[in-house]
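The next block is query31.txt, given as compact mmCIF, C-alpha atoms.
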# COMPACT_ATOMS: atom_id res chain seq x y z
CA MET A 88 20.64 -55.26 -22.21
CA LYS A 89 23.53 -53.42 -20.60
CA ARG A 90 22.33 -50.22 -22.25
CA MET A 91 18.83 -50.84 -20.94
CA ARG A 92 20.14 -51.34 -17.41
CA GLY A 93 22.01 -48.04 -17.64
CA TRP A 94 18.84 -46.26 -18.70
CA LEU A 95 16.89 -47.74 -15.80
CA LEU A 96 19.59 -46.79 -13.30
CA GLY A 97 19.60 -43.25 -14.69
CA LEU A 98 15.81 -43.09 -14.40
CA VAL A 99 15.92 -44.13 -10.73
CA LEU A 100 18.84 -41.92 -9.77
CA SER A 101 17.91 -38.73 -11.63
CA PRO A 102 15.22 -37.52 -9.19
CA LEU A 103 17.54 -38.29 -6.27
CA LEU A 104 20.40 -36.33 -7.85
CA GLY A 105 17.96 -33.53 -8.71
CA ALA A 106 16.81 -33.35 -5.11
CA LEU A 107 20.40 -33.19 -3.92
CA ALA A 108 21.15 -30.34 -6.33
CA GLN A 109 18.21 -28.24 -5.04
CA PRO A 110 18.94 -25.82 -2.19
CA VAL A 111 17.00 -26.71 0.95
CA PRO A 112 14.19 -24.11 1.14
CA ASN A 113 14.30 -21.47 3.88
CA THR A 114 17.63 -22.63 5.21
CA PRO A 115 19.05 -19.73 7.21
CA PRO A 116 22.51 -18.46 6.36
CA PRO A 117 25.07 -20.15 8.57
CA ASP A 118 25.77 -17.06 10.72
CA PHE A 119 22.70 -17.39 12.96
CA PRO A 120 21.05 -20.47 14.45
CA PRO A 121 17.63 -21.36 13.00
CA GLN A 122 15.86 -20.30 16.19
CA VAL A 123 16.91 -16.69 15.49
CA PHE A 124 15.03 -16.82 12.19
CA GLU A 125 12.03 -18.49 13.82
CA ILE A 126 11.68 -15.53 16.19
CA ALA A 127 12.58 -12.95 13.52
CA ARG A 128 9.85 -14.37 11.27
CA GLU A 129 7.27 -13.21 13.83
CA LEU A 130 8.66 -9.67 13.88
CA ARG A 131 8.11 -6.96 11.30
CA CYS A 132 11.09 -5.32 9.60
CA PRO A 133 10.46 -1.65 10.56
CA VAL A 134 11.79 -0.16 7.31
CA CYS A 135 10.30 -2.71 4.88
CA GLN A 136 6.92 -3.20 3.25
CA GLY A 137 5.36 -6.41 4.55
CA GLU A 138 8.64 -8.22 5.14
CA SER A 139 9.63 -9.89 8.37
CA ALA A 140 12.93 -9.31 10.15
CA ALA A 141 13.91 -12.81 8.98
CA GLU A 142 13.39 -12.18 5.26
CA SER A 143 14.75 -8.67 4.90
CA ASN A 144 18.33 -7.78 4.08
CA ALA A 145 17.95 -4.23 5.41
CA GLY A 146 20.58 -3.23 7.95
CA ILE A 147 17.99 -2.79 10.70
CA ALA A 148 16.62 -6.31 10.11
CA LEU A 149 20.14 -7.72 10.31
CA GLU A 150 20.66 -5.84 13.57
CA MET A 151 17.37 -7.21 14.91
CA ARG A 152 18.59 -10.74 14.13
CA ARG A 153 21.85 -9.95 15.93
CA ILE A 154 19.92 -8.74 18.98
CA ILE A 155 17.79 -11.92 18.92
CA ALA A 156 20.92 -14.09 18.70
CA GLU A 157 22.55 -12.22 21.60
CA GLN A 158 19.47 -12.48 23.78
CA LEU A 159 19.10 -16.20 23.03
CA GLU A 160 22.70 -16.65 24.13
CA GLN A 161 21.85 -14.81 27.33
CA GLY A 162 19.17 -17.44 27.93
CA LYS A 163 16.10 -15.29 27.21
CA SER A 164 12.92 -16.97 26.01
CA PRO A 165 11.32 -16.15 22.61
CA ALA A 166 8.47 -14.40 24.44
CA GLU A 167 10.94 -12.22 26.36
CA ILE A 168 12.78 -11.35 23.15
CA LYS A 169 9.56 -10.40 21.37
CA GLN A 170 8.59 -8.29 24.39
CA PHE A 171 11.93 -6.45 24.04
CA PHE A 172 10.88 -5.27 20.56
CA VAL A 173 7.27 -4.58 21.62
CA GLU A 174 8.60 -2.26 24.36
CA ARG A 175 10.43 -0.25 21.69
CA TYR A 176 7.99 -0.41 18.77
CA GLY A 177 4.64 -1.35 20.28
CA ASP A 178 2.42 -4.25 19.21
CA TRP A 179 2.85 -3.06 15.60
CA ILE A 180 6.19 -4.88 15.43
CA LEU A 181 4.43 -8.25 15.83
CA PHE A 182 3.18 -9.89 12.64
CA GLU A 183 0.39 -11.52 14.61
CA PRO A 184 -1.35 -8.82 16.63
CA PRO A 185 -2.27 -9.85 20.18
CA ALA A 186 -6.00 -10.43 20.75
CA ARG A 187 -6.68 -7.41 22.97
CA GLY A 188 -7.93 -3.84 22.65
CA LEU A 189 -8.52 -2.61 19.09
CA THR A 190 -6.76 -5.61 17.56
CA LEU A 191 -9.33 -7.87 19.23
CA TRP A 192 -11.72 -6.68 16.50
CA VAL A 193 -9.31 -7.94 13.84
CA TRP A 194 -9.57 -11.39 15.37
CA LEU A 195 -13.30 -11.24 15.99
CA SER A 196 -14.37 -9.72 12.66
CA PRO A 197 -14.30 -13.02 10.63
CA LEU A 198 -16.45 -14.69 13.29
CA LEU A 199 -18.75 -11.69 13.37
CA GLY A 200 -18.98 -11.77 9.57
CA LEU A 201 -19.89 -15.48 9.63
CA LEU A 202 -22.54 -14.87 12.28
CA LEU A 203 -24.06 -12.03 10.24
CA LEU A 204 -24.03 -14.18 7.11
CA GLY A 205 -25.69 -17.05 9.00
CA TYR A 206 -28.31 -14.69 10.39
CA GLY A 207 -28.99 -13.30 6.91
CA LEU A 208 -29.39 -16.80 5.43
CA TRP A 209 -31.66 -17.91 8.26
CA ARG A 210 -33.85 -14.82 7.82
CA HIS A 211 -34.04 -15.41 4.07
CA GLN A 212 -35.00 -19.07 4.54
CA ALA A 213 -37.60 -18.25 7.20
CA ARG A 214 -39.18 -15.61 4.97
CA ALA A 215 -39.26 -17.94 1.94
CA LYS A 216 -40.83 -20.66 4.08
CA ALA A 217 -43.47 -18.31 5.50
CA LEU A 218 -44.29 -17.07 2.00
CA ALA A 219 -44.71 -20.63 0.70
CA GLN A 220 -46.96 -21.50 3.66
CA ALA A 221 -49.08 -18.40 3.15
CA GLN A 222 -49.50 -19.25 -0.51
CA ALA A 223 -50.40 -22.84 0.33
CA GLU A 224 -53.06 -21.68 2.79
CA GLY A 225 -54.71 -19.65 0.07
CA VAL A 226 -55.31 -22.74 -2.13
CA SER A 227 -58.79 -24.22 -1.87
CA GLU A 228 -59.53 -27.91 -1.08
CA GLU A 229 -60.99 -28.32 -4.53
CA GLU A 230 -57.79 -27.10 -6.22
CA ILE A 231 -55.63 -29.38 -4.07
CA ALA A 232 -57.78 -32.39 -4.97
CA ARG A 233 -57.52 -31.49 -8.67
CA LEU A 234 -53.72 -31.16 -8.42
CA GLU A 235 -53.39 -34.49 -6.61
CA ALA A 236 -55.55 -36.18 -9.26
CA GLU A 237 -53.34 -34.64 -11.94
CA LEU A 238 -50.22 -35.95 -10.24
CA ASP A 239 -51.72 -39.44 -9.82
CA ARG A 240 -52.53 -39.58 -13.51
CA ARG A 241 -48.85 -38.95 -14.38
CA MET B 38 -30.86 -6.10 6.03
CA LEU B 39 -31.24 -3.55 3.21
CA ARG B 40 -34.10 -1.97 5.13
CA PHE B 41 -31.47 -0.60 7.52
CA TRP B 42 -29.43 1.11 4.78
CA PRO B 43 -29.33 4.50 6.57
CA VAL B 44 -27.65 2.72 9.51
CA TRP B 45 -25.08 1.13 7.18
CA VAL B 46 -24.40 4.44 5.43
CA LEU B 47 -23.96 6.13 8.80
CA LEU B 48 -21.64 3.37 10.02
CA LEU B 49 -19.46 3.42 6.90
CA GLY B 50 -19.47 7.24 6.82
CA GLY B 51 -18.44 7.30 10.48
CA LEU B 52 -15.61 4.86 9.79
CA LEU B 53 -14.38 7.01 6.88
CA PHE B 54 -14.59 10.17 9.00
CA TRP B 55 -12.65 8.44 11.81
CA GLY B 56 -9.97 7.39 9.31
CA LEU B 57 -9.66 10.93 7.97
CA GLN B 58 -9.14 12.27 11.49
CA ARG B 59 -5.71 10.64 11.64
CA PRO B 60 -3.15 13.26 12.64
CA ASP B 61 -0.19 14.38 10.55
CA PRO B 62 1.35 11.18 9.09
CA GLU B 63 4.82 12.56 9.80
CA VAL B 64 4.09 12.67 13.51
CA LEU B 65 3.48 8.99 14.16
CA GLY B 66 2.82 7.74 17.63
CA SER B 67 5.57 5.92 19.40
CA VAL B 68 5.61 3.89 22.57
CA ARG B 69 8.56 6.08 23.56
CA VAL B 70 6.55 9.31 23.48
CA GLY B 71 5.73 10.42 27.00
CA ARG B 72 8.35 8.13 28.50
CA PRO B 73 11.94 8.74 29.56
CA ALA B 74 14.36 8.75 26.64
CA PRO B 75 16.78 5.80 26.68
CA THR B 76 20.23 6.81 27.79
CA PHE B 77 23.26 6.06 25.64
CA SER B 78 26.75 7.23 24.92
CA LEU B 79 28.40 6.73 21.52
CA PRO B 80 31.71 7.73 19.91
CA VAL B 81 31.65 11.27 18.60
CA LEU B 82 32.61 11.65 14.95
CA ALA B 83 36.11 13.09 14.48
CA PRO B 84 35.25 16.74 13.56
CA TYR B 85 33.45 17.26 16.89
CA ARG B 86 35.79 15.52 19.31
CA ASP B 87 37.71 18.68 20.29
CA ARG B 88 34.54 20.49 21.26
CA PHE B 89 32.37 17.66 22.63
CA GLY B 90 34.84 15.02 23.80
CA PRO B 91 35.25 11.39 22.69
CA GLU B 92 31.71 10.28 23.55
CA LEU B 93 28.32 11.95 23.60
CA GLY B 94 24.73 10.85 24.00
CA VAL B 95 21.66 11.18 26.15
CA GLY B 96 22.68 11.02 29.78
CA GLU B 97 20.68 10.60 32.95
CA THR B 98 20.51 14.39 33.28
CA LEU B 99 20.43 16.85 30.43
CA GLU B 100 21.72 20.41 30.31
CA LYS B 101 19.18 21.35 27.65
CA PRO B 102 16.52 19.70 25.47
CA VAL B 103 17.81 17.40 22.74
CA PHE B 104 16.64 17.10 19.13
CA LEU B 105 17.95 13.62 18.37
CA ASN B 106 18.25 13.34 14.60
CA ILE B 107 18.89 9.88 13.13
CA TRP B 108 20.54 10.15 9.71
CA ALA B 109 22.66 8.40 7.11
CA SER B 110 24.77 9.78 4.25
CA TRP B 111 22.96 7.63 1.65
CA CYS B 112 19.56 9.02 2.62
CA ILE B 113 18.26 11.65 0.18
CA PRO B 114 15.85 13.46 2.57
CA CYS B 115 18.75 13.74 5.05
CA ARG B 116 20.60 15.77 2.43
CA THR B 117 17.81 18.34 2.14
CA GLU B 118 17.28 18.35 5.90
CA ALA B 119 20.95 18.88 6.85
CA PRO B 120 21.23 22.61 5.88
CA LEU B 121 17.94 23.33 7.68
CA LEU B 122 19.12 21.60 10.87
CA GLU B 123 22.44 23.42 10.64
CA SER B 124 20.85 26.88 10.42
CA PHE B 125 18.42 25.95 13.22
CA TYR B 126 21.31 24.81 15.43
CA ARG B 127 23.29 28.01 14.75
CA ARG B 128 20.31 30.11 15.86
CA TYR B 129 19.18 28.09 18.88
CA GLN B 130 22.23 26.22 20.15
CA ASP B 131 21.98 28.05 23.46
CA GLN B 132 18.48 26.58 23.93
CA VAL B 133 18.65 23.08 22.43
CA LEU B 134 21.24 20.49 21.50
CA VAL B 135 20.83 19.06 18.04
CA LEU B 136 22.48 15.67 18.24
CA GLY B 137 22.93 13.61 15.11
CA VAL B 138 23.11 9.83 15.24
CA ASN B 139 24.65 8.41 12.10
CA VAL B 140 23.26 4.92 11.51
CA GLN B 141 23.77 2.07 9.01
CA ASP B 142 26.56 3.98 7.33
CA ARG B 143 30.31 3.91 6.67
CA GLU B 144 32.24 6.34 8.84
CA GLU B 145 34.16 7.85 5.91
CA GLU B 146 30.89 8.50 4.05
CA ALA B 147 29.44 10.15 7.16
CA LEU B 148 32.52 12.39 7.44
CA LYS B 149 32.22 13.37 3.76
CA PHE B 150 28.56 14.27 4.35
CA ILE B 151 29.45 16.44 7.36
CA ALA B 152 32.18 18.25 5.40
CA GLN B 153 29.91 18.74 2.37
CA TYR B 154 27.18 20.47 4.40
CA GLY B 155 29.52 22.11 6.93
CA LEU B 156 27.56 20.72 9.87
CA SER B 157 28.53 22.19 13.23
CA PHE B 158 26.03 20.31 15.38
CA PRO B 159 27.61 17.15 16.80
CA SER B 160 27.00 13.68 15.46
CA VAL B 161 27.80 10.32 17.00
CA TYR B 162 28.48 7.12 15.09
CA ASP B 163 26.21 4.09 15.47
CA ALA B 164 27.16 1.88 12.53
CA ARG B 165 24.76 -0.91 13.44
CA GLY B 166 21.80 1.31 14.28
CA ARG B 167 21.36 -0.18 17.71
CA ILE B 168 20.43 3.12 19.35
CA GLY B 169 17.89 3.62 16.60
CA ILE B 170 16.27 0.31 17.55
CA GLU B 171 16.42 1.34 21.22
CA TYR B 172 14.34 4.41 20.28
CA GLY B 173 12.11 2.36 17.95
CA TYR B 174 13.12 4.11 14.71
CA THR B 175 11.60 3.06 11.41
CA GLY B 176 14.00 4.68 8.94
CA VAL B 177 16.04 7.78 8.22
CA PRO B 178 15.70 10.64 8.79
CA GLU B 179 13.83 10.45 12.03
CA THR B 180 13.94 12.96 14.88
CA PHE B 181 13.09 12.47 18.54
CA ILE B 182 12.28 15.57 20.55
CA ILE B 183 13.52 15.13 24.12
CA SER B 184 12.73 17.60 26.90
CA LYS B 185 15.28 18.81 29.44
CA GLU B 186 13.66 16.36 31.87
CA ARG B 187 14.68 13.56 29.46
CA LYS B 188 11.12 12.84 28.37
CA VAL B 189 10.41 11.98 24.72
CA LEU B 190 7.89 14.60 23.60
CA ALA B 191 7.53 13.68 19.93
CA ARG B 192 8.85 11.53 17.15
CA HIS B 193 9.11 13.07 13.69
CA ILE B 194 9.24 10.74 10.70
CA GLY B 195 10.97 12.00 7.59
CA GLU B 196 12.34 15.38 6.64
CA LEU B 197 11.85 18.26 9.07
CA SER B 198 10.61 21.68 8.01
CA GLU B 199 11.30 25.11 9.51
CA SER B 200 7.73 25.36 10.82
CA LYS B 201 7.94 21.91 12.45
CA LEU B 202 11.26 22.79 14.07
CA GLN B 203 9.71 25.98 15.49
CA GLU B 204 6.73 23.98 16.75
CA TYR B 205 9.04 21.51 18.50
CA LEU B 206 11.10 24.37 19.90
CA GLN B 207 7.95 25.78 21.48
CA GLN B 208 7.25 22.36 23.01
CA VAL B 209 10.63 22.11 24.74
CA ARG B 210 10.80 25.71 25.92
CA PRO B 211 10.18 26.04 29.65
Starting from the file, give its structure as structure tokens.
Amino acid sequence: MKRMRGWLLGLVLSPLLGALAQPVPNTPPPDFPPQVFEIARELRCPVCQGESAAESNAGIALEMRRIIAEQLEQGKSPAEIKQFFVERYGDWILFEPPARGLTLWVWLSPLLGLLLLGYGLWRHQARAKALAQAQAEGVSEEEIARLEAELDRR
Amino acid sequence: MLRFWPVWVLLLGGLLFWGLQRPDPEVLGSVRVGRPAPTFSLPVLAPYRDRFGPELGVGETLEKPVFLNIWASWCIPCRTEAPLLESFYRRYQDQVLVLGVNVQDREEEALKFIAQYGLSFPSVYDARGRIGIEYGYTGVPETFIISKERKVLARHIGELSESKLQEYLQQVRP
């Protein structure tokens, strides 16, 4: 019985101990506050391929995080900090392009695609319906009566 | 929809043509181009202190145009570019200032690099690459062409060539 109790206790505790042993995902290194990484995540690392300034270990990304930390200490808002980088790199530095100018098309294209698809489907349906109606109009009264009689018999 | 295929072909062809019109990939646009170059002053690396003083950079007023070259000793294209920049500087130092900014590097490695290539154009030390960020750099080597009026005329990504240097020289000449 004692052995059984030990097994049960182990069964209950093992997931808890496992969870404690796992590193907490995306926990920033202790040198910068989490807000630095939140802002850096929205900025592109200029020397990397598809990595944000929060994920990259490149020297420039580290310096960007330092700049963010310094500006936060100075009391600047996240929008002001992002603007600081936009003034130096352009909108390209933002992972999420602002919805204006050429980038507006990037935002509008999925909607435009859906509208075109909807229009295509509607046209297809309308044509199929018109074709069915045209075919139905060409059937004589006699044939319809014969078909109905056939259906009734079944 | 397929009835309009010539329109689609024209549209896609136009898009492809527009994409192919992109200028030289080494001359990428920069928000800094056409605007005043950010001013800065950084410590001059030891071999140049006697001639250029303890600090050098881009001041409010410039004596001559500046070719601001951002480099690092670990960067391979910088190694092939260094002799070219050196010979260019020797020929045209009366017309332009070639100013190196050593970034993301260890000072002793930078000094070794300078000695190895016998570079006589001055370089300043920016270990953290902050001036590079100020100019919006995306890697090394990268060169900013600054007119005597302190306006950024061009940004060159990657290794320079003799023809490009001559082209930039023509741009900064009065």
Per-residue nearest contacts chain B to chain A, cut-off 12 Å, using only C-alpha atoms, as JSON lines:
{"residue": "B:Met38", "atom": "CA", "partner": "A:Gly207", "partner_atom": "CA", "distance": 7.5}
{"residue": "B:Leu39", "atom": "CA", "partner": "A:Gly207", "partner_atom": "CA", "distance": 10.7}
{"residue": "B:Leu65", "atom": "CA", "partner": "A:Tyr176", "partner_atom": "CA", "distance": 11.4}
{"residue": "B:Gly66", "atom": "CA", "partner": "A:Gly177", "partner_atom": "CA", "distance": 9.6}
{"residue": "B:Ser67", "atom": "CA", "partner": "A:Tyr176", "partner_atom": "CA", "distance": 6.8}
{"residue": "B:Val68", "atom": "CA", "partner": "A:Gly177", "partner_atom": "CA", "distance": 5.8}
{"residue": "B:Arg69", "atom": "CA", "partner": "A:Arg175", "partner_atom": "CA", "distance": 6.9}
{"residue": "B:Val70", "atom": "CA", "partner": "A:Arg175", "partner_atom": "CA", "distance": 10.5}
{"residue": "B:Arg72", "atom": "CA", "partner": "A:Arg175", "partner_atom": "CA", "distance": 11.0}
{"residue": "B:Ala74", "atom": "CA", "partner": "A:Arg175", "partner_atom": "CA", "distance": 11.0}
{"residue": "B:Pro75", "atom": "CA", "partner": "A:Arg175", "partner_atom": "CA", "distance": 10.1}
{"residue": "B:Ala109", "atom": "CA", "partner": "A:Gly146", "partner_atom": "CA", "distance": 11.8}
{"residue": "B:Val140", "atom": "CA", "partner": "A:Gly146", "partner_atom": "CA", "distance": 9.3}
{"residue": "B:Gln141", "atom": "CA", "partner": "A:Gly146", "partner_atom": "CA", "distance": 6.3}
{"residue": "B:Asp142", "atom": "CA", "partner": "A:Gly146", "partner_atom": "CA", "distance": 9.4}
{"residue": "B:Asp163", "atom": "CA", "partner": "A:Glu150", "partner_atom": "CA", "distance": 11.5}
{"residue": "B:Ala164", "atom": "CA", "partner": "A:Gly146", "partner_atom": "CA", "distance": 9.5}
{"residue": "B:Arg165", "atom": "CA", "partner": "A:Glu150", "partner_atom": "CA", "distance": 6.4}
{"residue": "B:Gly166", "atom": "CA", "partner": "A:Ile147", "partner_atom": "CA", "distance": 6.6}
{"residue": "B:Arg167", "atom": "CA", "partner": "A:Glu150", "partner_atom": "CA", "distance": 7.0}
{"residue": "B:Ile168", "atom": "CA", "partner": "A:Glu150", "partner_atom": "CA", "distance": 10.7}
{"residue": "B:Gly169", "atom": "CA", "partner": "A:Ile147", "partner_atom": "CA", "distance": 8.7}
{"residue": "B:Ile170", "atom": "CA", "partner": "A:Arg175", "partner_atom": "CA", "distance": 7.2}
{"residue": "B:Glu171", "atom": "CA", "partner": "A:Arg175", "partner_atom": "CA", "distance": 6.2}
{"residue": "B:Tyr172", "atom": "CA", "partner": "A:Arg175", "partner_atom": "CA", "distance": 6.2}
{"residue": "B:Gly173", "atom": "CA", "partner": "A:Arg175", "partner_atom": "CA", "distance": 4.9}
{"residue": "B:Tyr174", "atom": "CA", "partner": "A:Pro133", "partner_atom": "CA", "distance": 7.6}
{"residue": "B:Thr175", "atom": "CA", "partner": "A:Pro133", "partner_atom": "CA", "distance": 4.9}
{"residue": "B:Gly176", "atom": "CA", "partner": "A:Val134", "partner_atom": "CA", "distance": 5.6}
{"residue": "B:Val177", "atom": "CA", "partner": "A:Val134", "partner_atom": "CA", "distance": 9.1}
{"residue": "B:Pro178", "atom": "CA", "partner": "A:Val134", "partner_atom": "CA", "distance": 11.6}
{"residue": "B:Glu179", "atom": "CA", "partner": "A:Val134", "partner_atom": "CA", "distance": 11.8}
{"residue": "B:Ile194", "atom": "CA", "partner": "A:Val134", "partner_atom": "CA", "distance": 11.7}
Using all atoms listed in the file, which protein or nucleic acid residues come within 12 Å of Ala152 in chain B? Drop anything in the same chain fewer than 3 positions from it, and give the result as a compact mmCIF listing (two decimals) with C-alpha atoms, in the frame of the given file.
# COMPACT_ATOMS: atom_id res chain seq x y z
CA LEU B 82 32.61 11.65 14.95
CA ALA B 83 36.11 13.09 14.48
CA PRO B 84 35.25 16.74 13.56
CA TYR B 85 33.45 17.26 16.89
CA SER B 110 24.77 9.78 4.25
CA ALA B 119 20.95 18.88 6.85
CA PRO B 120 21.23 22.61 5.88
CA GLU B 145 34.16 7.85 5.91
CA GLU B 146 30.89 8.50 4.05
CA ALA B 147 29.44 10.15 7.16
CA LEU B 148 32.52 12.39 7.44
CA LYS B 149 32.22 13.37 3.76
CA GLY B 155 29.52 22.11 6.93
CA LEU B 156 27.56 20.72 9.87
CA SER B 157 28.53 22.19 13.23
CA PHE B 158 26.03 20.31 15.38
- Message: Report, in Å to a single decimal, how far apart CA of Leu130 in chain A and CA of Ile155 in chain A are.
- Response: 10.7 Å
- What is the CA of Thr76 in chain B to CA of Arg128 in chain A distance in Å?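 Computing the Euclidean distance for CA of Thr76 in chain B and CA of Arg128 in chain A yields 28.8 Å.
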- Distance in Å - CA of Glu100 in chain B versus CA of Ser200 in chain B: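 Here the two named atoms are 24.5 Å from each other.
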- Pick out the closest residue to Glu186 in chain B from this set: B:Thr98, B:Asn106, B:Gln58, B:Ser78. Count all atoms listed in the file.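 Among the listed residues, B:Thr98 lies closest to Glu186 in chain B.
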- Best match for closeness to Arg210 in chain B among B:Val46, B:Leu197, B:Leu136, B:Val103, counting all atoms listed in the file: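 For Arg210 in chain B, the nearest of the given residues is B:Val103.
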- Item | Test item: residues at most 9 Å from Gln132 in chain B, only C-alpha atoms, excluding those fewer than 6 positions along its chain, as a ChimeraX atom specification | /B:101-102,206,210
Preceding selection exported with C-alpha atoms as a PDB file, keeping the file's coordinate frame:
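Dumped to result20.pdb:
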ATOM      1  CA  LYS B 101      19.180  21.350  27.650  1.00  0.00           C
ATOM      2  CA  PRO B 102      16.520  19.700  25.470  1.00  0.00           C
ATOM      3  CA  LEU B 206      11.100  24.370  19.900  1.00  0.00           C
ATOM      4  CA  ARG B 210      10.800  25.710  25.920  1.00  0.00           C
TER       5      ARG B 210
END
Quick one: axis-aligned box around all listed atoms of range 215-228 of chain A, 5 Å on every side, centre and edge lengths in Å to one decimal, written as JSON.
{"center_x": -49.4, "center_y": -22.5, "center_z": 1.7, "size_x": 30.3, "size_y": 20.8, "size_z": 17.6}
- Message: Just want the 7 Å neighbourhood of Pro114 in chain B, counted on all atoms listed in the file, with same-chain residues fewer than 2 positions away dropped. Output as a VMD selection string.
- Response: chain B and resid 112 116 to 118 178 196
